[in-house]
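What follows is protein24.txt (compact mmCIF, N, CA and C atoms).
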# COMPACT_ATOMS: atom_id res chain seq x y z
N MET A 1 83.14 74.01 46.29
CA MET A 1 84.48 73.58 45.97
C MET A 1 85.18 73.12 47.25
N ASN A 2 86.00 72.10 47.12
CA ASN A 2 86.79 71.62 48.25
C ASN A 2 88.13 72.34 48.28
N ILE A 3 88.45 72.88 49.44
CA ILE A 3 89.68 73.64 49.63
C ILE A 3 90.44 73.03 50.80
N ALA A 4 91.74 72.79 50.59
CA ALA A 4 92.61 72.31 51.66
C ALA A 4 93.39 73.48 52.21
N ILE A 5 93.50 73.56 53.52
CA ILE A 5 94.25 74.65 54.14
C ILE A 5 95.15 74.10 55.22
N GLY A 6 96.38 74.58 55.22
CA GLY A 6 97.34 74.13 56.21
C GLY A 6 98.28 75.25 56.61
N ALA A 7 98.83 75.14 57.79
CA ALA A 7 99.76 76.15 58.30
C ALA A 7 100.66 75.53 59.34
N ASP A 8 101.80 76.15 59.53
CA ASP A 8 102.65 75.78 60.66
C ASP A 8 102.27 76.68 61.83
N HIS A 9 103.05 76.64 62.90
CA HIS A 9 102.76 77.43 64.09
C HIS A 9 102.71 78.93 63.80
N GLY A 10 103.53 79.40 62.87
CA GLY A 10 103.56 80.82 62.53
C GLY A 10 102.33 81.29 61.78
N GLY A 11 101.63 80.38 61.14
CA GLY A 11 100.44 80.74 60.38
C GLY A 11 99.15 80.24 61.00
N HIS A 12 99.27 79.61 62.17
CA HIS A 12 98.10 78.99 62.80
C HIS A 12 96.96 79.98 63.06
N LYS A 13 97.27 81.13 63.60
CA LYS A 13 96.24 82.11 63.94
C LYS A 13 95.48 82.57 62.69
N LEU A 14 96.20 82.87 61.62
CA LEU A 14 95.56 83.29 60.38
C LEU A 14 94.77 82.14 59.77
N LYS A 15 95.32 80.94 59.80
CA LYS A 15 94.61 79.77 59.26
C LYS A 15 93.28 79.57 60.00
N LYS A 16 93.33 79.68 61.32
CA LYS A 16 92.12 79.51 62.13
C LYS A 16 91.05 80.52 61.71
N ALA A 17 91.46 81.76 61.48
CA ALA A 17 90.51 82.80 61.05
C ALA A 17 89.96 82.50 59.66
N LEU A 18 90.81 82.01 58.76
CA LEU A 18 90.35 81.70 57.40
C LEU A 18 89.41 80.49 57.38
N VAL A 19 89.70 79.49 58.18
CA VAL A 19 88.79 78.33 58.27
C VAL A 19 87.43 78.79 58.75
N ALA A 20 87.39 79.60 59.79
CA ALA A 20 86.12 80.12 60.31
C ALA A 20 85.40 80.94 59.24
N TYR A 21 86.14 81.75 58.50
CA TYR A 21 85.57 82.57 57.44
C TYR A 21 84.93 81.68 56.36
N PHE A 22 85.67 80.68 55.90
CA PHE A 22 85.14 79.79 54.86
C PHE A 22 83.91 79.05 55.34
N LEU A 23 83.91 78.59 56.56
CA LEU A 23 82.77 77.84 57.07
C LEU A 23 81.54 78.72 57.27
N ALA A 24 81.74 79.98 57.64
CA ALA A 24 80.62 80.87 57.92
C ALA A 24 80.13 81.63 56.70
N LYS A 25 81.02 82.01 55.81
CA LYS A 25 80.67 82.95 54.76
C LYS A 25 80.65 82.38 53.35
N THR A 26 81.09 81.16 53.17
CA THR A 26 81.15 80.62 51.81
C THR A 26 80.48 79.25 51.77
N LYS A 27 80.36 78.73 50.56
CA LYS A 27 79.78 77.40 50.36
C LYS A 27 80.87 76.36 50.14
N HIS A 28 82.12 76.73 50.39
CA HIS A 28 83.23 75.82 50.16
C HIS A 28 83.37 74.82 51.30
N ASN A 29 83.76 73.61 50.95
CA ASN A 29 84.13 72.60 51.95
C ASN A 29 85.60 72.79 52.27
N VAL A 30 85.95 72.72 53.53
CA VAL A 30 87.32 72.98 53.95
C VAL A 30 87.92 71.74 54.59
N PHE A 31 89.08 71.32 54.08
CA PHE A 31 89.88 70.28 54.71
C PHE A 31 90.96 70.99 55.51
N ASN A 32 90.89 70.91 56.82
CA ASN A 32 91.87 71.54 57.68
C ASN A 32 93.01 70.55 57.89
N ALA A 33 94.14 70.82 57.25
CA ALA A 33 95.28 69.91 57.27
C ALA A 33 96.25 70.19 58.43
N GLY A 34 95.85 71.03 59.37
CA GLY A 34 96.69 71.33 60.53
C GLY A 34 97.62 72.50 60.23
N THR A 35 98.35 72.85 61.17
CA THR A 35 98.50 72.46 62.54
C THR A 35 97.30 72.97 63.35
N PHE A 36 97.16 72.45 64.53
CA PHE A 36 96.01 72.79 65.35
C PHE A 36 96.39 73.53 66.62
N SER A 37 97.62 74.05 66.66
CA SER A 37 98.06 74.83 67.82
C SER A 37 99.22 75.73 67.38
N GLU A 38 99.68 76.54 68.30
CA GLU A 38 100.82 77.40 68.02
C GLU A 38 102.13 76.80 68.52
N HIS A 39 102.12 75.51 68.86
CA HIS A 39 103.36 74.84 69.25
C HIS A 39 104.25 74.68 68.02
N ARG A 40 105.52 74.88 68.21
CA ARG A 40 106.48 74.81 67.11
C ARG A 40 106.37 73.48 66.38
N CYS A 41 106.37 73.56 65.05
CA CYS A 41 106.25 72.37 64.21
C CYS A 41 106.97 72.63 62.89
N ASP A 42 106.97 71.66 62.01
CA ASP A 42 107.71 71.74 60.76
C ASP A 42 106.78 71.94 59.57
N TYR A 43 106.94 73.07 58.88
CA TYR A 43 106.05 73.43 57.77
C TYR A 43 105.98 72.41 56.63
N PRO A 44 107.06 71.68 56.28
CA PRO A 44 106.92 70.74 55.15
C PRO A 44 105.83 69.69 55.34
N GLU A 45 105.57 69.30 56.57
CA GLU A 45 104.52 68.31 56.83
C GLU A 45 103.16 68.79 56.33
N PHE A 46 102.88 70.05 56.56
CA PHE A 46 101.57 70.60 56.21
C PHE A 46 101.49 70.92 54.72
N ALA A 47 102.61 71.33 54.13
CA ALA A 47 102.65 71.54 52.69
C ALA A 47 102.40 70.22 51.96
N LYS A 48 103.00 69.14 52.44
CA LYS A 48 102.80 67.83 51.83
C LYS A 48 101.36 67.35 51.98
N GLU A 49 100.77 67.60 53.14
CA GLU A 49 99.38 67.16 53.37
C GLU A 49 98.41 67.90 52.45
N VAL A 50 98.57 69.21 52.31
CA VAL A 50 97.71 69.98 51.40
C VAL A 50 97.93 69.51 49.97
N ALA A 51 99.18 69.31 49.58
CA ALA A 51 99.48 68.82 48.23
C ALA A 51 98.82 67.47 47.98
N LYS A 52 98.90 66.59 48.96
CA LYS A 52 98.29 65.26 48.81
C LYS A 52 96.78 65.37 48.60
N LEU A 53 96.13 66.25 49.31
CA LEU A 53 94.68 66.43 49.15
C LEU A 53 94.34 66.93 47.75
N ILE A 54 95.19 67.77 47.19
CA ILE A 54 94.96 68.26 45.83
C ILE A 54 95.27 67.19 44.81
N LEU A 55 96.40 66.54 44.96
CA LEU A 55 96.83 65.55 43.97
C LEU A 55 95.94 64.31 43.94
N THR A 56 95.27 64.02 45.05
CA THR A 56 94.31 62.90 45.07
C THR A 56 92.90 63.37 44.73
N ARG A 57 92.79 64.63 44.37
CA ARG A 57 91.54 65.27 43.94
C ARG A 57 90.47 65.37 45.03
N ARG A 58 90.88 65.24 46.29
CA ARG A 58 89.92 65.47 47.38
C ARG A 58 89.67 66.96 47.53
N ALA A 59 90.66 67.78 47.15
CA ALA A 59 90.52 69.23 47.17
C ALA A 59 90.92 69.76 45.80
N LYS A 60 90.27 70.83 45.38
CA LYS A 60 90.61 71.43 44.08
C LYS A 60 91.73 72.44 44.23
N MET A 61 91.74 73.15 45.35
CA MET A 61 92.75 74.19 45.59
C MET A 61 93.21 74.11 47.03
N GLY A 62 94.34 74.78 47.28
CA GLY A 62 94.88 74.80 48.63
C GLY A 62 95.35 76.18 49.05
N ILE A 63 95.46 76.34 50.35
CA ILE A 63 96.00 77.55 50.95
C ILE A 63 97.00 77.10 52.00
N LEU A 64 98.19 77.68 51.95
CA LEU A 64 99.22 77.38 52.93
C LEU A 64 99.71 78.67 53.57
N ILE A 65 100.02 78.60 54.87
CA ILE A 65 100.42 79.80 55.60
C ILE A 65 101.57 79.47 56.55
N CYS A 66 102.58 80.29 56.50
CA CYS A 66 103.63 80.30 57.52
C CYS A 66 103.98 81.77 57.76
N LYS A 67 104.97 82.05 58.55
CA LYS A 67 105.27 83.45 58.87
C LYS A 67 105.57 84.29 57.63
N THR A 68 106.46 83.79 56.75
CA THR A 68 106.83 84.53 55.55
C THR A 68 106.16 84.01 54.29
N GLY A 69 105.75 82.77 54.31
CA GLY A 69 105.23 82.11 53.11
C GLY A 69 106.33 81.45 52.29
N LEU A 70 107.56 81.78 52.57
CA LEU A 70 108.68 81.26 51.77
C LEU A 70 108.86 79.76 51.93
N GLY A 71 108.93 79.28 53.16
CA GLY A 71 109.12 77.85 53.39
C GLY A 71 107.98 77.03 52.82
N MET A 72 106.76 77.47 53.05
CA MET A 72 105.60 76.74 52.54
C MET A 72 105.61 76.68 51.02
N SER A 73 105.94 77.79 50.36
CA SER A 73 105.93 77.77 48.90
C SER A 73 107.02 76.85 48.36
N MET A 74 108.19 76.86 48.99
CA MET A 74 109.27 75.97 48.55
C MET A 74 108.88 74.51 48.75
N ALA A 75 108.35 74.20 49.92
CA ALA A 75 107.97 72.81 50.22
C ALA A 75 106.85 72.33 49.30
N ALA A 76 105.86 73.16 49.07
CA ALA A 76 104.73 72.76 48.23
C ALA A 76 105.17 72.55 46.78
N ASN A 77 106.01 73.42 46.29
CA ASN A 77 106.42 73.33 44.88
C ASN A 77 107.36 72.16 44.61
N ARG A 78 107.80 71.46 45.62
CA ARG A 78 108.59 70.24 45.44
C ARG A 78 107.70 69.08 45.00
N GLN A 79 106.39 69.23 45.18
CA GLN A 79 105.44 68.16 44.86
C GLN A 79 105.00 68.30 43.40
N LYS A 80 105.24 67.27 42.60
CA LYS A 80 104.87 67.31 41.18
C LYS A 80 103.37 67.53 41.04
N GLY A 81 103.01 68.50 40.22
CA GLY A 81 101.60 68.81 39.99
C GLY A 81 101.10 69.97 40.84
N ILE A 82 101.92 70.45 41.74
CA ILE A 82 101.54 71.59 42.57
C ILE A 82 102.19 72.85 42.01
N ARG A 83 101.39 73.88 41.90
CA ARG A 83 101.86 75.19 41.49
C ARG A 83 101.45 76.16 42.59
N ALA A 84 102.34 76.33 43.55
CA ALA A 84 102.06 77.17 44.71
C ALA A 84 102.60 78.57 44.47
N ALA A 85 101.78 79.57 44.73
CA ALA A 85 102.15 80.96 44.49
C ALA A 85 102.12 81.75 45.79
N LEU A 86 103.26 82.27 46.17
CA LEU A 86 103.36 83.16 47.33
C LEU A 86 102.91 84.54 46.88
N CYS A 87 101.82 85.01 47.46
CA CYS A 87 101.23 86.29 47.04
C CYS A 87 101.10 87.23 48.24
N ASN A 88 101.25 88.52 47.96
CA ASN A 88 101.15 89.53 49.01
C ASN A 88 100.03 90.52 48.79
N ASN A 89 99.32 90.39 47.66
CA ASN A 89 98.20 91.30 47.40
C ASN A 89 97.20 90.61 46.47
N ILE A 90 96.07 91.24 46.29
CA ILE A 90 94.98 90.67 45.50
C ILE A 90 95.38 90.53 44.04
N LYS A 91 96.07 91.52 43.51
CA LYS A 91 96.47 91.48 42.11
C LYS A 91 97.37 90.27 41.83
N MET A 92 98.30 89.98 42.74
CA MET A 92 99.16 88.81 42.57
C MET A 92 98.35 87.52 42.66
N ALA A 93 97.39 87.45 43.58
CA ALA A 93 96.56 86.26 43.73
C ALA A 93 95.79 85.98 42.44
N LYS A 94 95.23 87.03 41.85
CA LYS A 94 94.50 86.86 40.58
C LYS A 94 95.44 86.45 39.45
N ALA A 95 96.59 87.11 39.35
CA ALA A 95 97.53 86.80 38.27
C ALA A 95 98.06 85.38 38.38
N SER A 96 98.26 84.90 39.60
CA SER A 96 98.76 83.54 39.77
C SER A 96 97.78 82.51 39.22
N ARG A 97 96.50 82.81 39.30
CA ARG A 97 95.48 81.93 38.72
C ARG A 97 95.37 82.13 37.22
N GLN A 98 95.26 83.39 36.78
CA GLN A 98 95.07 83.69 35.37
C GLN A 98 96.22 83.20 34.50
N HIS A 99 97.45 83.48 34.92
CA HIS A 99 98.61 83.23 34.08
C HIS A 99 99.35 81.94 34.39
N ASN A 100 99.27 81.46 35.63
CA ASN A 100 100.08 80.31 36.03
C ASN A 100 99.25 79.10 36.45
N ASN A 101 97.94 79.26 36.46
CA ASN A 101 97.03 78.20 36.89
C ASN A 101 97.46 77.63 38.25
N ALA A 102 97.84 78.53 39.16
CA ALA A 102 98.26 78.12 40.50
C ALA A 102 97.12 77.36 41.17
N ASN A 103 97.48 76.31 41.89
CA ASN A 103 96.46 75.56 42.62
C ASN A 103 96.64 75.67 44.14
N VAL A 104 97.66 76.40 44.57
CA VAL A 104 97.87 76.67 45.98
C VAL A 104 98.24 78.14 46.16
N LEU A 105 97.52 78.81 47.02
CA LEU A 105 97.84 80.18 47.41
C LEU A 105 98.64 80.11 48.70
N VAL A 106 99.80 80.74 48.71
CA VAL A 106 100.64 80.77 49.91
C VAL A 106 100.64 82.18 50.47
N LEU A 107 100.43 82.26 51.79
CA LEU A 107 100.38 83.54 52.48
C LEU A 107 101.44 83.61 53.56
N GLY A 108 102.02 84.77 53.71
CA GLY A 108 102.94 85.04 54.82
C GLY A 108 102.17 85.78 55.91
N ALA A 109 101.93 85.11 57.02
CA ALA A 109 101.11 85.68 58.10
C ALA A 109 101.68 86.99 58.63
N ASN A 110 102.98 87.17 58.54
CA ASN A 110 103.59 88.41 59.02
C ASN A 110 103.44 89.56 58.03
N TYR A 111 102.90 89.29 56.83
CA TYR A 111 102.87 90.30 55.78
C TYR A 111 101.49 90.63 55.24
N VAL A 112 100.47 89.90 55.67
CA VAL A 112 99.11 90.21 55.24
C VAL A 112 98.19 90.27 56.45
N THR A 113 97.25 91.16 56.41
CA THR A 113 96.26 91.24 57.49
C THR A 113 95.21 90.15 57.28
N GLU A 114 94.43 89.90 58.29
CA GLU A 114 93.35 88.91 58.17
C GLU A 114 92.37 89.33 57.08
N ASP A 115 92.00 90.60 57.05
CA ASP A 115 91.05 91.08 56.05
C ASP A 115 91.62 90.92 54.64
N LEU A 116 92.87 91.30 54.45
CA LEU A 116 93.49 91.15 53.13
C LEU A 116 93.58 89.67 52.75
N ALA A 117 93.94 88.83 53.68
CA ALA A 117 94.03 87.39 53.41
C ALA A 117 92.68 86.84 52.94
N LYS A 118 91.60 87.24 53.56
CA LYS A 118 90.26 86.79 53.15
C LYS A 118 89.96 87.24 51.72
N ARG A 119 90.27 88.50 51.42
CA ARG A 119 90.01 89.02 50.07
C ARG A 119 90.91 88.34 49.04
N MET A 120 92.15 88.05 49.41
CA MET A 120 93.05 87.34 48.50
C MET A 120 92.55 85.93 48.23
N CYS A 121 92.10 85.25 49.27
CA CYS A 121 91.56 83.89 49.09
C CYS A 121 90.34 83.91 48.18
N ASP A 122 89.45 84.85 48.41
CA ASP A 122 88.26 84.96 47.55
C ASP A 122 88.65 85.19 46.09
N ALA A 123 89.59 86.10 45.87
CA ALA A 123 90.04 86.41 44.51
C ALA A 123 90.70 85.19 43.87
N PHE A 124 91.54 84.50 44.62
CA PHE A 124 92.24 83.33 44.12
C PHE A 124 91.24 82.25 43.70
N ILE A 125 90.28 81.99 44.53
CA ILE A 125 89.29 80.93 44.27
C ILE A 125 88.39 81.27 43.09
N LYS A 126 88.00 82.53 42.97
CA LYS A 126 87.06 82.95 41.92
C LYS A 126 87.71 83.14 40.55
N THR A 127 89.00 83.41 40.52
CA THR A 127 89.67 83.73 39.26
C THR A 127 89.93 82.47 38.45
N LYS A 128 89.65 82.56 37.17
CA LYS A 128 89.83 81.43 36.25
C LYS A 128 91.16 81.55 35.49
N PHE A 129 91.70 80.41 35.14
CA PHE A 129 92.91 80.33 34.32
C PHE A 129 92.57 80.80 32.91
N LEU A 130 93.39 81.67 32.33
CA LEU A 130 93.13 82.21 31.00
C LEU A 130 93.46 81.23 29.88
N SER A 131 94.26 80.24 30.16
CA SER A 131 94.67 79.23 29.17
C SER A 131 95.41 79.91 28.02
N GLY A 132 95.09 79.57 26.77
CA GLY A 132 95.77 80.18 25.63
C GLY A 132 97.28 80.06 25.74
N ARG A 133 97.99 81.18 25.52
CA ARG A 133 99.45 81.16 25.55
C ARG A 133 99.99 80.76 26.92
N HIS A 134 99.20 80.97 27.96
CA HIS A 134 99.63 80.63 29.31
C HIS A 134 99.67 79.11 29.52
N ALA A 135 98.80 78.39 28.84
CA ALA A 135 98.77 76.93 28.98
C ALA A 135 100.08 76.30 28.53
N ARG A 136 100.64 76.82 27.46
CA ARG A 136 101.93 76.32 26.96
C ARG A 136 103.01 76.50 28.03
N ARG A 137 103.01 77.62 28.69
CA ARG A 137 104.02 77.91 29.72
C ARG A 137 103.83 77.02 30.94
N VAL A 138 102.60 76.80 31.32
CA VAL A 138 102.33 75.93 32.45
C VAL A 138 102.77 74.50 32.14
N ARG A 139 102.50 74.04 30.92
CA ARG A 139 102.96 72.70 30.51
C ARG A 139 104.48 72.58 30.59
N LYS A 140 105.19 73.62 30.27
CA LYS A 140 106.65 73.60 30.33
C LYS A 140 107.14 73.47 31.77
N MET A 141 106.39 74.00 32.72
CA MET A 141 106.77 73.84 34.13
C MET A 141 106.62 72.39 34.57
N GLU A 142 105.65 71.70 34.01
CA GLU A 142 105.39 70.31 34.38
C GLU A 142 106.40 69.35 33.78
N GLY A 143 107.07 69.78 32.71
CA GLY A 143 107.94 68.97 31.93
C GLY A 143 109.06 68.33 32.60
In structure tokens, write the structure found in this file.
Amino acid sequence: MNIAIGADHGGHKLKKALVAYFLAKTKHNVFNAGTFSEHRCDYPEFAKEVAKLILTRRAKMGILICKTGLGMSMAANRQKGIRAALCNNIKMAKASRQHNNANVLVLGANYVTEDLAKRMCDAFIKTKFLSGRHARRVRKMEG
């Protein structure tokens, strides 16, 4: 599966660890949408780049990281067709896929450890959308 990942300066360190994890431990292809340093930058740029990769179908899912996850989730959800979910634990990551068909997992680097972030990403990617009554609700969000 193709996965797009992006972060601002506050999420750069965690993003770097997740990119290395995906390349070493999984069969997923990773599009690294930046940033590539800890120099101060603007999170909306990276949210838009990850969204573009998903909306053009170059990536199936995305991961965005900033210090809190709040800015990234707001910026990503401004893009039509993106359902970005700010999650702080594995249960939320799974529920965002099962019930909301989220296509972007958003992480707050100040609130999750590297190990937890890896497990959340794995859960998010592996979990399937339940459809059924949830599909109707997702369609209403797109409306």
- Return as a PyMOL selection string the full set of residues in chain A whose backbone-based DSSP assignment is strand (DSSP E). chain A and resi 2-7+29-32+61-66+84-86+104-108
Writer output for current selection, N, CA and C atoms, as an mmCIF file, keeping the file's coordinate frame:
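Saved to again.cif:
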data_model
loop_
_atom_site.group_PDB
_atom_site.id
_atom_site.type_symbol
_atom_site.label_atom_id
_atom_site.label_comp_id
_atom_site.auth_asym_id
_atom_site.auth_seq_id
_atom_site.Cartn_x
_atom_site.Cartn_y
_atom_site.Cartn_z
ATOM 1 N N ASN A 2 86.000 72.100 47.120
ATOM 2 C CA ASN A 2 86.790 71.620 48.250
ATOM 3 C C ASN A 2 88.130 72.340 48.280
ATOM 4 N N ILE A 3 88.450 72.880 49.440
ATOM 5 C CA ILE A 3 89.680 73.640 49.630
ATOM 6 C C ILE A 3 90.440 73.030 50.800
ATOM 7 N N ALA A 4 91.740 72.790 50.590
ATOM 8 C CA ALA A 4 92.610 72.310 51.660
ATOM 9 C C ALA A 4 93.390 73.480 52.210
ATOM 10 N N ILE A 5 93.500 73.560 53.520
ATOM 11 C CA ILE A 5 94.250 74.650 54.140
ATOM 12 C C ILE A 5 95.150 74.100 55.220
ATOM 13 N N GLY A 6 96.380 74.580 55.220
ATOM 14 C CA GLY A 6 97.340 74.130 56.210
ATOM 15 C C GLY A 6 98.280 75.250 56.610
ATOM 16 N N ALA A 7 98.830 75.140 57.790
ATOM 17 C CA ALA A 7 99.760 76.150 58.300
ATOM 18 C C ALA A 7 100.660 75.530 59.340
ATOM 19 N N ASN A 29 83.760 73.610 50.950
ATOM 20 C CA ASN A 29 84.130 72.600 51.950
ATOM 21 C C ASN A 29 85.600 72.790 52.270
ATOM 22 N N VAL A 30 85.950 72.720 53.530
ATOM 23 C CA VAL A 30 87.320 72.980 53.950
ATOM 24 C C VAL A 30 87.920 71.740 54.590
ATOM 25 N N PHE A 31 89.080 71.320 54.080
ATOM 26 C CA PHE A 31 89.880 70.280 54.710
ATOM 27 C C PHE A 31 90.960 70.990 55.510
ATOM 28 N N ASN A 32 90.890 70.910 56.820
ATOM 29 C CA ASN A 32 91.870 71.540 57.680
ATOM 30 C C ASN A 32 93.010 70.550 57.890
ATOM 31 N N MET A 61 91.740 73.150 45.350
ATOM 32 C CA MET A 61 92.750 74.190 45.590
ATOM 33 C C MET A 61 93.210 74.110 47.030
ATOM 34 N N GLY A 62 94.340 74.780 47.280
ATOM 35 C CA GLY A 62 94.880 74.800 48.630
ATOM 36 C C GLY A 62 95.350 76.180 49.050
ATOM 37 N N ILE A 63 95.460 76.340 50.350
ATOM 38 C CA ILE A 63 96.000 77.550 50.950
ATOM 39 C C ILE A 63 97.000 77.100 52.000
ATOM 40 N N LEU A 64 98.190 77.680 51.950
ATOM 41 C CA LEU A 64 99.220 77.380 52.930
ATOM 42 C C LEU A 64 99.710 78.670 53.570
ATOM 43 N N ILE A 65 100.020 78.600 54.870
ATOM 44 C CA ILE A 65 100.420 79.800 55.600
ATOM 45 C C ILE A 65 101.570 79.470 56.550
ATOM 46 N N CYS A 66 102.580 80.290 56.500
ATOM 47 C CA CYS A 66 103.630 80.300 57.520
ATOM 48 C C CYS A 66 103.980 81.770 57.760
ATOM 49 N N ALA A 84 102.340 76.330 43.550
ATOM 50 C CA ALA A 84 102.060 77.170 44.710
ATOM 51 C C ALA A 84 102.600 78.570 44.470
ATOM 52 N N ALA A 85 101.780 79.570 44.730
ATOM 53 C CA ALA A 85 102.150 80.960 44.490
ATOM 54 C C ALA A 85 102.120 81.750 45.790
ATOM 55 N N LEU A 86 103.260 82.270 46.170
ATOM 56 C CA LEU A 86 103.360 83.160 47.330
ATOM 57 C C LEU A 86 102.910 84.540 46.880
ATOM 58 N N VAL A 104 97.660 76.400 44.570
ATOM 59 C CA VAL A 104 97.870 76.670 45.980
ATOM 60 C C VAL A 104 98.240 78.140 46.160
ATOM 61 N N LEU A 105 97.520 78.810 47.020
ATOM 62 C CA LEU A 105 97.840 80.180 47.410
ATOM 63 C C LEU A 105 98.640 80.110 48.700
ATOM 64 N N VAL A 106 99.800 80.740 48.710
ATOM 65 C CA VAL A 106 100.640 80.770 49.910
ATOM 66 C C VAL A 106 100.640 82.180 50.470
ATOM 67 N N LEU A 107 100.430 82.260 51.790
ATOM 68 C CA LEU A 107 100.380 83.540 52.480
ATOM 69 C C LEU A 107 101.440 83.610 53.560
ATOM 70 N N GLY A 108 102.020 84.770 53.710
ATOM 71 C CA GLY A 108 102.940 85.040 54.820
ATOM 72 C C GLY A 108 102.170 85.780 55.910
#
- Can you tell me how far atom N of Lys13 of chain A sits from atom C of His99 of chain A, in Å to one decimal? 29.3 Å
Write out as a JSON list (two decimals) with N, CA and C atoms, in the coordinates of the input which residues come within 6.5 Å of segment 32-49 of chain A when counting all atoms listed in the file, dropping same-chain ones fewer than 4 positions away.
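Okay, this is what ended up in part.json:
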[["chain", "number", "residue", "atom", "x", "y", "z"],
["A", 3, "ILE", "N", 88.45, 72.88, 49.44],
["A", 3, "ILE", "CA", 89.68, 73.64, 49.63],
["A", 3, "ILE", "C", 90.44, 73.03, 50.80],
["A", 4, "ALA", "N", 91.74, 72.79, 50.59],
["A", 4, "ALA", "CA", 92.61, 72.31, 51.66],
["A", 4, "ALA", "C", 93.39, 73.48, 52.21],
["A", 5, "ILE", "N", 93.50, 73.56, 53.52],
["A", 5, "ILE", "CA", 94.25, 74.65, 54.14],
["A", 5, "ILE", "C", 95.15, 74.10, 55.22],
["A", 6, "GLY", "N", 96.38, 74.58, 55.22],
["A", 6, "GLY", "CA", 97.34, 74.13, 56.21],
["A", 6, "GLY", "C", 98.28, 75.25, 56.61],
["A", 7, "ALA", "N", 98.83, 75.14, 57.79],
["A", 7, "ALA", "CA", 99.76, 76.15, 58.30],
["A", 7, "ALA", "C", 100.66, 75.53, 59.34],
["A", 8, "ASP", "N", 101.80, 76.15, 59.53],
["A", 8, "ASP", "CA", 102.65, 75.78, 60.66],
["A", 8, "ASP", "C", 102.27, 76.68, 61.83],
["A", 9, "HIS", "N", 103.05, 76.64, 62.90],
["A", 9, "HIS", "CA", 102.76, 77.43, 64.09],
["A", 9, "HIS", "C", 102.71, 78.93, 63.80],
["A", 10, "GLY", "N", 103.53, 79.40, 62.87],
["A", 10, "GLY", "CA", 103.56, 80.82, 62.53],
["A", 10, "GLY", "C", 102.33, 81.29, 61.78],
["A", 12, "HIS", "N", 99.27, 79.61, 62.17],
["A", 12, "HIS", "CA", 98.10, 78.99, 62.80],
["A", 12, "HIS", "C", 96.96, 79.98, 63.06],
["A", 53, "LEU", "N", 96.13, 66.25, 49.31],
["A", 53, "LEU", "CA", 94.68, 66.43, 49.15],
["A", 53, "LEU", "C", 94.34, 66.93, 47.75],
["A", 54, "ILE", "N", 95.19, 67.77, 47.19],
["A", 54, "ILE", "CA", 94.96, 68.26, 45.83],
["A", 54, "ILE", "C", 95.27, 67.19, 44.81],
["A", 71, "GLY", "N", 108.93, 79.28, 53.16],
["A", 71, "GLY", "CA", 109.12, 77.85, 53.39],
["A", 71, "GLY", "C", 107.98, 77.03, 52.82],
["A", 72, "MET", "N", 106.76, 77.47, 53.05],
["A", 72, "MET", "CA", 105.60, 76.74, 52.54],
["A", 72, "MET", "C", 105.61, 76.68, 51.02],
["A", 75, "ALA", "N", 108.35, 74.20, 49.92],
["A", 75, "ALA", "CA", 107.97, 72.81, 50.22],
["A", 75, "ALA", "C", 106.85, 72.33, 49.30],
["A", 76, "ALA", "N", 105.86, 73.16, 49.07],
["A", 76, "ALA", "CA", 104.73, 72.76, 48.23],
["A", 76, "ALA", "C", 105.17, 72.55, 46.78]]
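Across A:Leu70, A:Asn77, A:Phe31, A:Gln98, the tightest approach to Arg57 of chain A is made by A:Phe31 when counting only C-alpha atoms.
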- Query: What does the distance between atom CA of Met1 of chain A and atom CA of Ala123 of chain A come to in Å, to one decimal place?
  - Reply: 14.1 Å
Residues near Gly81 of chain A, anyone? I mean within 10 Å using only C-alpha atoms, not counting same-chain ones fewer than 3 positions away, as a CSV table (one decimal) with N, CA and C atoms, in the frame of the given file.
chain,number,residue,atom,x,y,z
A,51,ALA,N,99.2,69.3,49.6
A,51,ALA,CA,99.5,68.8,48.2
A,51,ALA,C,98.8,67.5,48.0
A,54,ILE,N,95.2,67.8,47.2
A,54,ILE,CA,95.0,68.3,45.8
A,54,ILE,C,95.3,67.2,44.8
A,55,LEU,N,96.4,66.5,45.0
A,55,LEU,CA,96.8,65.6,44.0
A,55,LEU,C,95.9,64.3,43.9
A,76,ALA,N,105.9,73.2,49.1
A,76,ALA,CA,104.7,72.8,48.2
A,76,ALA,C,105.2,72.6,46.8
A,77,ASN,N,106.0,73.4,46.3
A,77,ASN,CA,106.4,73.3,44.9
A,77,ASN,C,107.4,72.2,44.6
A,78,ARG,N,107.8,71.5,45.6
A,78,ARG,CA,108.6,70.2,45.4
A,78,ARG,C,107.7,69.1,45.0
A,84,ALA,N,102.3,76.3,43.6
A,84,ALA,CA,102.1,77.2,44.7
A,84,ALA,C,102.6,78.6,44.5
A,102,ALA,N,97.8,78.5,39.2
A,102,ALA,CA,98.3,78.1,40.5
A,102,ALA,C,97.1,77.4,41.2
A,103,ASN,N,97.5,76.3,41.9
A,103,ASN,CA,96.5,75.6,42.6
A,103,ASN,C,96.6,75.7,44.1
A,141,MET,N,106.4,74.0,32.7
A,141,MET,CA,106.8,73.8,34.1
A,141,MET,C,106.6,72.4,34.6
A,142,GLU,N,105.6,71.7,34.0
A,142,GLU,CA,105.4,70.3,34.4
A,142,GLU,C,106.4,69.4,33.8
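Checking A:Ile63, A:Ile82, A:Leu18, A:Val30 one by one against Glu114 of chain A, counting all atoms listed in the file, you find the shortest gap at A:Leu18.
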- Item | Residues within 10 Å of Asn100 of chain A, only C-alpha atoms, excluding chain neighbours under 5 positions, as a ChimeraX atom specification | /A:83-85,94-95,129-131,134-135,137-139,141
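You will find atom CA of Asn89 of chain A at 14.0 Å from atom CA of Thr127 of chain A.
Taking only N, CA and C atoms into account, those protein, DNA and RNA residues with any atom at most 7 Å away from (102.6, 87.8, 56.3) amount to Cys66, Lys67, Thr68, Gly69, Leu107, Gly108, Ala109, Asn110, Tyr111, Val112 and Thr113 of chain A.
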